[in-house]
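Asker: Following this message is one structure expressed as structure tokens.
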Amino acid sequence: MMHRFARPTWIAGIIVAAACTLSFTAPVLAQSTSDIPADFKPVAMPQDYVRRDVMIPMRDGAKLNTTILIRKDANAAPLILDRTPYNAKKLTSLSQGPAFATTLLPFHADLMRAGYIIVLQDVRGKDGSEGDYVMARPLNPGGVDNATDAYDTIDWLVKNVPESNGRVGTIGISYNGYAALMSLIDPHPALRASVPIDPMVDGWKGDDWFHNGAYRQFMTEWLYRQTTTKGSALRWPDTALDSYDGWLARGSAGGTARAFGIDKLPAWRKMAEHPAYDAFWQDQALDRVLAQRGISVPTLLVHGSWDQEDIYGAPALFEATRGTPSSDKVRLVIGPWNHGGAGLGDGASLGPIKFRSDTAYWFRWNVMIPFFDQHLKDGAPAADIAPVTAFETGTNQWRQFDHWPQSCASGCAASSKPLYLRSGGTLAFTAPAPRESGFDEYVSDPAKPVTFRQRPIESLGGPKGEWKNWLVEDQRFAASRPDVLTYVSEVLTEPVRIAGKPVANLFASTSGTDSDWVVKLIDVYPAENPGDANLGGYQLPIAMDVLRGRYRDDPARPKPIPADATVRYRLDLPHTSHVFLPGHRIMVQIQSSWFPLYDRNPQRFVDNIMFAQPNDYMKATQRVFHKLGAASHIELPIAP
């Protein structure tokens, strides 16, 4: 009887045959060729544009790497020039697809859709361009600078791009916006319009490097990438999840510079050697330069209300040109964007704050492109753009204004309205009563500085991208600290609409001989917020900034603060267009550190805070007064 597990003879034969076959073919498999051929060539996909990479000669012989993108159907098309330190090749190669819409940044793609030729150029000394890179190269009469490089580039383009109509516009975000402004200095005749978006204008007063004398040490990371190699190849050495501890352990900004070798970089040394607003900064402040020289080219300045990098520049330049012959050439747009959001984002929201529409898309197709069309295209209709176009947050609608700001302390059609700090942590539009208690106080300890956002605080280029939206983060984390004073209004029964620049007037004292003063204007949402429950009680920053006390009287000449003396400080907050809605409350927070975004003030007067030593740092008792004769308040630019 056959065992039930025994194999029939015919099955055994198949197994033996298979084994023989496998044994015979195994060496062939081992000798097979790679799955990656040595000479594969991808099939060329038909593109809807032509790309030209050229080296354009400047007047001193240096050649600048330039990429030109032209739609295949282009004929007599205007040129849009964007000069950049961020690698023109990368900015025009975002994908390998055949369509320009996917290979370009949103605002470049929209302009190309609208019939423009897009030109990206590496600035002198960066990436593919020849010459020496100087981060903010000063004007150089008789030599070369960013103004002459823009002029020479435009001159070459109108002579060598046959598809163009010989008219040029300049555009750019951030540094590129600064480069666009430089094109307005002794402009080429073919330059007919410019749109600087969030441009770097004054690096000491309120853009990248300082805010009213307080050093923005977080921007050291950008400087490290930009100035250590021509191609910005190196990344920030500190990769810790929380940058707070690292900055604190290294002490001053100079301590971090020494730790990472940044003190060897010429750009950083220049800033460290000029902590005050001296000629070094004044001569490169483009609001001053262009107001003096005049703007002859129609210019559309674009400002983001929550621009975390260059929140000062565009409104400052607009203000500087009012009442000058440039007034009729300059327009201002204010939108609910972070840095570059007008050109790069969808504009429908910022962090948790929603605006009910794609504000960036609306701006590009209803303001930016009609503006360029009017000045660069034959037969285009007038754009009819108001002097100021502003998106009003709160009500979430666009508004047009003939003048800006809508009100101010003096010199405006309407007067701003003081919002007073009152006893008991309250705010009111009425001045303090005669018998009202005189001040509130806190102890500012540099060993435990107030953070600028909730910890952990990732670095500028961190993977979560938190840097982009920190200006709209809920401020409840700060309101709960004992070294932050908080004042809040009653629940509003009517809307409070502001359009302009809030100005803080603090009457304060310090037991030290130097101090920083940070002031925040905040919109407090109802505890129960039916429109968005996640925003219940949310403390939304509307305008915030910092003043280094040593510069209270003269930004060019620092001096100690007299200890325990009541001193008046005046601090301009960023421009905004906002409505505090009924049911909301208005809040003001005051503190003396904003770390690690800004370097710590030792609170003891030293010659140069950038190089403060460990024993220079001291605790200080800070008092903010709210009494007759010393009534701290915020001037609100109430819209009539």
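Chain labels follow the order of the structure tokens: the first chain is A, the next B, and so on; residue numbering restarts at 1 in every chain, and ligands are counted from 1 in their shown order.
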What lies within 8 Å of Pro432 in chain A using only C-alpha atoms, ignoring chain neighbours under 2 positions off, as JSON, numbers by chain?

Answerer: {"A": [420, 422, 430, 434, 436, 626, 627, 628, 631]}

Asker: Go ahead and save the picked residues with N, CA, C and O atoms, as a PDB file, in the first residue's frame.

Answerer:
ATOM      1  N   TYR A 420      -5.878 104.585  25.945  1.00  0.00           N
ATOM      2  CA  TYR A 420      -5.044 104.735  27.136  1.00  0.00           C
ATOM      3  C   TYR A 420      -4.904 103.422  27.909  1.00  0.00           C
ATOM      4  O   TYR A 420      -5.862 102.654  28.055  1.00  0.00           O
ATOM      5  N   ARG A 422      -4.796 101.829  31.387  1.00  0.00           N
ATOM      6  CA  ARG A 422      -5.431 102.252  32.639  1.00  0.00           C
ATOM      7  C   ARG A 422      -5.095 101.269  33.760  1.00  0.00           C
ATOM      8  O   ARG A 422      -4.594 100.159  33.514  1.00  0.00           O
ATOM      9  N   THR A 430     -10.664 106.968  27.203  1.00  0.00           N
ATOM     10  CA  THR A 430     -10.662 108.130  28.100  1.00  0.00           C
ATOM     11  C   THR A 430      -9.367 108.129  28.904  1.00  0.00           C
ATOM     12  O   THR A 430      -8.846 107.079  29.281  1.00  0.00           O
ATOM     13  N   PRO A 434      -7.754 111.579  37.834  1.00  0.00           N
ATOM     14  CA  PRO A 434      -6.719 112.207  38.686  1.00  0.00           C
ATOM     15  C   PRO A 434      -6.205 111.306  39.791  1.00  0.00           C
ATOM     16  O   PRO A 434      -5.030 111.363  40.148  1.00  0.00           O
ATOM     17  N   GLU A 436      -6.173 107.999  39.851  1.00  0.00           N
ATOM     18  CA  GLU A 436      -5.880 106.632  39.402  1.00  0.00           C
ATOM     19  C   GLU A 436      -4.453 106.237  39.770  1.00  0.00           C
ATOM     20  O   GLU A 436      -3.534 107.060  39.701  1.00  0.00           O
ATOM     21  N   HIS A 626       0.616 105.112  33.970  1.00  0.00           N
ATOM     22  CA  HIS A 626      -0.688 105.464  33.401  1.00  0.00           C
ATOM     23  C   HIS A 626      -1.377 106.426  34.354  1.00  0.00           C
ATOM     24  O   HIS A 626      -2.372 106.102  35.007  1.00  0.00           O
ATOM     25  N   LYS A 627      -0.829 107.622  34.430  1.00  0.00           N
ATOM     26  CA  LYS A 627      -1.380 108.644  35.321  1.00  0.00           C
ATOM     27  C   LYS A 627      -1.335 109.983  34.603  1.00  0.00           C
ATOM     28  O   LYS A 627      -0.704 110.127  33.547  1.00  0.00           O
ATOM     29  N   LEU A 628      -2.004 110.945  35.143  1.00  0.00           N
ATOM     30  CA  LEU A 628      -1.995 112.278  34.545  1.00  0.00           C
ATOM     31  C   LEU A 628      -0.559 112.793  34.446  1.00  0.00           C
ATOM     32  O   LEU A 628       0.209 112.713  35.403  1.00  0.00           O
ATOM     33  N   ALA A 631       0.637 109.542  30.882  1.00  0.00           N
ATOM     34  CA  ALA A 631      -0.439 108.632  30.479  1.00  0.00           C
ATOM     35  C   ALA A 631      -0.017 107.843  29.237  1.00  0.00           C
ATOM     36  O   ALA A 631      -0.125 108.325  28.108  1.00  0.00           O
TER      37      ALA A 631
END

Asker: Identify all residues of range 253-423 of chain A in strand (DSSP E or B) (DSSP on the backbone) and supply them as a PyMOL selection string.

Answerer: chain A and resi 299-304+330-335+349-350+353-354+388-393+397-401+408+415+417-422

Asker: Might you pull out every residue within 8 Å of range 330-335 of chain A, with only C-alpha atoms counted and same-chain residues fewer than 3 positions away left off, and present them as a list in words?

Answerer: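 Contacts, in chain order: Ile295, Pro298, Thr299, Leu300, Leu301, Val302, His303, Gly304, Ser305, Ala314, Pro315, Phe318, Thr321, Ser326, Ser327, Ala342, Thr359, Ala360, Ile385, Ala386, Pro387, Val388, Thr389, Ala390, Phe391, Glu392, Thr576 and Ser577 of chain A.
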
Asker: Just the selected residues (N, CA and C atoms), exported as a short mmCIF file (atom, residue, chain, number, x, y, z; two decimals), in the first residue's frame, please.

Answerer:
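Listed below is the output, result-v8.cif:
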data_model
loop_
_atom_site.label_atom_id
_atom_site.label_comp_id
_atom_site.auth_asym_id
_atom_site.auth_seq_id
_atom_site.Cartn_x
_atom_site.Cartn_y
_atom_site.Cartn_z
N ILE A 295 11.14 109.54 -7.96
CA ILE A 295 10.77 108.33 -8.71
C ILE A 295 10.03 108.78 -9.96
N PRO A 298 6.40 104.73 -12.95
CA PRO A 298 5.24 104.26 -12.18
C PRO A 298 5.59 103.03 -11.35
N THR A 299 5.30 103.12 -10.05
CA THR A 299 5.74 102.08 -9.11
C THR A 299 4.58 101.65 -8.22
N LEU A 300 4.40 100.34 -8.11
CA LEU A 300 3.37 99.76 -7.26
C LEU A 300 4.07 99.04 -6.10
N LEU A 301 4.05 99.65 -4.92
CA LEU A 301 4.67 99.07 -3.74
C LEU A 301 3.69 98.10 -3.08
N VAL A 302 4.18 96.93 -2.70
CA VAL A 302 3.31 95.88 -2.14
C VAL A 302 3.79 95.53 -0.74
N HIS A 303 2.85 95.53 0.21
CA HIS A 303 3.17 95.33 1.62
C HIS A 303 2.29 94.24 2.22
N GLY A 304 2.90 93.33 2.98
CA GLY A 304 2.15 92.32 3.72
C GLY A 304 1.99 92.74 5.17
N SER A 305 0.77 92.74 5.67
CA SER A 305 0.50 93.17 7.05
C SER A 305 1.20 92.30 8.08
N ALA A 314 7.95 98.98 2.37
CA ALA A 314 7.03 99.52 1.37
C ALA A 314 6.22 100.71 1.90
N PRO A 315 5.58 100.61 3.08
CA PRO A 315 4.84 101.79 3.58
C PRO A 315 5.75 102.98 3.88
N PHE A 318 6.43 104.70 0.64
CA PHE A 318 5.23 105.41 0.21
C PHE A 318 5.08 106.71 0.99
N THR A 321 7.49 109.51 -0.09
CA THR A 321 7.26 110.16 -1.38
C THR A 321 6.03 111.06 -1.37
N SER A 326 7.15 112.79 -6.83
CA SER A 326 6.96 111.35 -7.08
C SER A 326 5.56 110.87 -6.71
N SER A 327 4.79 111.70 -6.01
CA SER A 327 3.51 111.25 -5.45
C SER A 327 2.60 110.59 -6.47
N ALA A 342 2.05 87.80 -1.36
CA ALA A 342 1.31 88.35 -2.50
C ALA A 342 1.68 87.64 -3.79
N THR A 359 -6.76 86.09 -1.67
CA THR A 359 -6.40 87.50 -1.78
C THR A 359 -5.17 87.73 -2.65
N ALA A 360 -4.24 86.78 -2.67
CA ALA A 360 -3.04 86.94 -3.49
C ALA A 360 -3.38 86.85 -4.98
N ILE A 385 -6.04 102.43 -10.66
CA ILE A 385 -5.64 101.94 -9.34
C ILE A 385 -5.56 103.12 -8.38
N ALA A 386 -6.21 103.00 -7.24
CA ALA A 386 -6.22 104.07 -6.24
C ALA A 386 -4.82 104.26 -5.66
N PRO A 387 -4.55 105.41 -5.07
CA PRO A 387 -3.25 105.60 -4.41
C PRO A 387 -2.94 104.48 -3.42
N VAL A 388 -3.98 104.01 -2.69
CA VAL A 388 -3.77 102.90 -1.76
C VAL A 388 -4.91 101.89 -1.92
N THR A 389 -4.55 100.65 -2.11
CA THR A 389 -5.51 99.55 -2.14
C THR A 389 -5.18 98.65 -0.96
N ALA A 390 -6.11 98.47 -0.03
CA ALA A 390 -5.82 97.74 1.20
C ALA A 390 -6.89 96.71 1.48
N PHE A 391 -6.45 95.52 1.88
CA PHE A 391 -7.38 94.50 2.32
C PHE A 391 -7.62 94.71 3.82
N GLU A 392 -8.87 94.92 4.17
CA GLU A 392 -9.24 95.19 5.55
C GLU A 392 -9.56 93.88 6.25
N THR A 576 -1.23 98.93 9.16
CA THR A 576 -2.23 97.87 9.09
C THR A 576 -3.58 98.44 8.67
N SER A 577 -4.42 97.57 8.14
CA SER A 577 -5.80 97.90 7.81
C SER A 577 -6.67 96.82 8.45
#

Asker: Residues at most 10 Å from range 229-234 of chain A, counting only C-alpha atoms, excluding those fewer than 4 positions away in the same chain, as a list in words?

Answerer: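 Near range 229-234 of chain A, the qualifying residues are Pro85, Tyr86, Asn87, Gly125, Lys126, Asp127, Gly128, Ser129, Asp132, Tyr133, Trp222, Leu223, Tyr224 and Arg225 of chain A.
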
Asker: Could you work out how far CA of Lys270 in chain A lies from CA of Met610 in chain A, giving the answer in Å with one decimal?

Answerer: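 A separation of 11.8 Å between them.
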
Asker: Would you mind telling me which residue in A:Asp564, A:Leu111, A:Asp287, A:Val43 lies nearest to Leu69 in chain A when using only C-alpha atoms?

Answerer: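 Closest to Leu69 in chain A of all the choices is A:Leu111.
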
Asker: When you look at Arg137 in chain A with a cut-off of 7 Å (counting only C-alpha atoms), what residues show up, excluding the ones that are within fewer than 3 positions of it in the same chain? I need them as a list in words.

Answerer: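 In the requested form, the answer reads Val134, Asp145 and Asn146 of chain A.
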
Asker: If we count only C-alpha atoms, what is near Pro325 in chain A at a cut-off of 10 Å, once residues fewer than 2 positions away on the same chain are taken out, given as a PyMOL selection string?

Answerer: chain A and resi 291+294-296+321-323+327-329

Asker: So, counting only C-alpha atoms, which residue among A:Phe595, A:Phe363, A:Ala348, A:Asn529 is closest to Val450 in chain A?

Answerer: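 So, comparing all the options, the nearest one is A:Phe595.
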
Asker: If you run DSSP over the backbone, which residues in range 354-430 of chain A end up helix (DSSP H, G or I)? Put them as a PyMOL selection string.

Answerer: chain A and resi 359-376

Asker: Those selected residues, please, written with N, CA and C atoms and delivered as a PDB file, in the first residue's frame.

Answerer:
ATOM      1  N   THR A 359      -6.764  86.092  -1.674  1.00  0.00           N
ATOM      2  CA  THR A 359      -6.398  87.498  -1.776  1.00  0.00           C
ATOM      3  C   THR A 359      -5.175  87.731  -2.653  1.00  0.00           C
ATOM      4  N   ALA A 360      -4.243  86.781  -2.674  1.00  0.00           N
ATOM      5  CA  ALA A 360      -3.043  86.944  -3.495  1.00  0.00           C
ATOM      6  C   ALA A 360      -3.384  86.848  -4.982  1.00  0.00           C
ATOM      7  N   TYR A 361      -4.215  85.869  -5.334  1.00  0.00           N
ATOM      8  CA  TYR A 361      -4.642  85.731  -6.727  1.00  0.00           C
ATOM      9  C   TYR A 361      -5.411  86.978  -7.163  1.00  0.00           C
ATOM     10  N   TRP A 362      -6.300  87.448  -6.275  1.00  0.00           N
ATOM     11  CA  TRP A 362      -7.065  88.656  -6.606  1.00  0.00           C
ATOM     12  C   TRP A 362      -6.124  89.820  -6.864  1.00  0.00           C
ATOM     13  N   PHE A 363      -5.128  90.011  -6.010  1.00  0.00           N
ATOM     14  CA  PHE A 363      -4.185  91.103  -6.205  1.00  0.00           C
ATOM     15  C   PHE A 363      -3.462  90.984  -7.543  1.00  0.00           C
ATOM     16  N   ARG A 364      -2.994  89.794  -7.851  1.00  0.00           N
ATOM     17  CA  ARG A 364      -2.183  89.643  -9.071  1.00  0.00           C
ATOM     18  C   ARG A 364      -2.998  89.932 -10.324  1.00  0.00           C
ATOM     19  N   TRP A 365      -4.250  89.497 -10.368  1.00  0.00           N
ATOM     20  CA  TRP A 365      -5.037  89.636 -11.594  1.00  0.00           C
ATOM     21  C   TRP A 365      -5.890  90.902 -11.630  1.00  0.00           C
ATOM     22  N   ASN A 366      -6.105  91.529 -10.487  1.00  0.00           N
ATOM     23  CA  ASN A 366      -6.931  92.742 -10.471  1.00  0.00           C
ATOM     24  C   ASN A 366      -6.150  94.020 -10.231  1.00  0.00           C
ATOM     25  N   VAL A 367      -4.899  93.889  -9.788  1.00  0.00           N
ATOM     26  CA  VAL A 367      -4.089  95.074  -9.530  1.00  0.00           C
ATOM     27  C   VAL A 367      -2.740  94.982 -10.254  1.00  0.00           C
ATOM     28  N   MET A 368      -1.960  93.970  -9.959  1.00  0.00           N
ATOM     29  CA  MET A 368      -0.603  93.886 -10.506  1.00  0.00           C
ATOM     30  C   MET A 368      -0.576  93.814 -12.026  1.00  0.00           C
ATOM     31  N   ILE A 369      -1.304  92.874 -12.601  1.00  0.00           N
ATOM     32  CA  ILE A 369      -1.263  92.700 -14.059  1.00  0.00           C
ATOM     33  C   ILE A 369      -1.908  93.879 -14.784  1.00  0.00           C
ATOM     34  N   PRO A 370      -3.075  94.396 -14.348  1.00  0.00           N
ATOM     35  CA  PRO A 370      -3.583  95.615 -14.991  1.00  0.00           C
ATOM     36  C   PRO A 370      -2.612  96.791 -14.888  1.00  0.00           C
ATOM     37  N   PHE A 371      -1.900  96.900 -13.778  1.00  0.00           N
ATOM     38  CA  PHE A 371      -0.908  97.971 -13.624  1.00  0.00           C
ATOM     39  C   PHE A 371       0.198  97.826 -14.672  1.00  0.00           C
ATOM     40  N   PHE A 372       0.756  96.633 -14.797  1.00  0.00           N
ATOM     41  CA  PHE A 372       1.783  96.407 -15.817  1.00  0.00           C
ATOM     42  C   PHE A 372       1.218  96.609 -17.219  1.00  0.00           C
ATOM     43  N   ASP A 373       0.004  96.095 -17.466  1.00  0.00           N
ATOM     44  CA  ASP A 373      -0.600  96.226 -18.800  1.00  0.00           C
ATOM     45  C   ASP A 373      -0.700  97.691 -19.218  1.00  0.00           C
ATOM     46  N   GLN A 374      -1.171  98.519 -18.310  1.00  0.00           N
ATOM     47  CA  GLN A 374      -1.357  99.933 -18.636  1.00  0.00           C
ATOM     48  C   GLN A 374      -0.057 100.576 -19.112  1.00  0.00           C
ATOM     49  N   HIS A 375       1.043 100.221 -18.483  1.00  0.00           N
ATOM     50  CA  HIS A 375       2.296 100.908 -18.770  1.00  0.00           C
ATOM     51  C   HIS A 375       3.193 100.182 -19.770  1.00  0.00           C
ATOM     52  N   LEU A 376       2.904  98.907 -20.038  1.00  0.00           N
ATOM     53  CA  LEU A 376       3.820  98.134 -20.883  1.00  0.00           C
ATOM     54  C   LEU A 376       3.203  97.618 -22.176  1.00  0.00           C
TER      55      LEU A 376
END

Asker: Report the distance between CA of Ala179 in chain A and CA of Asn212 in chain A in Å, rounded to one decimal place.

Answerer: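 Distance reported for this atom pair: 23.2 Å.
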
Asker: For each of A:Asp198, A:Ile498, A:Gly345, A:Arg71, take the minimum atom-to-atom distance to Ala114 in chain A, counting only C-alpha atoms, then give the residue where this is smallest.

Answerer: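 Counting only C-alpha atoms, the residue closest to Ala114 in chain A is A:Arg71.
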
Asker: Determine, counting only C-alpha atoms, which protein, DNA and RNA residues have an atom within 12 Å of an atom of range 92-107 of chain A; residues of the same chain fewer than 4 positions away are not included. Present the result as a VMD selection string.

Answerer: chain A and resid 42 to 53 66 to 72 80 82 84 86 to 88 111 to 114 116 to 122 171 to 173 195 197 340 to 347 360 to 365 368 to 369
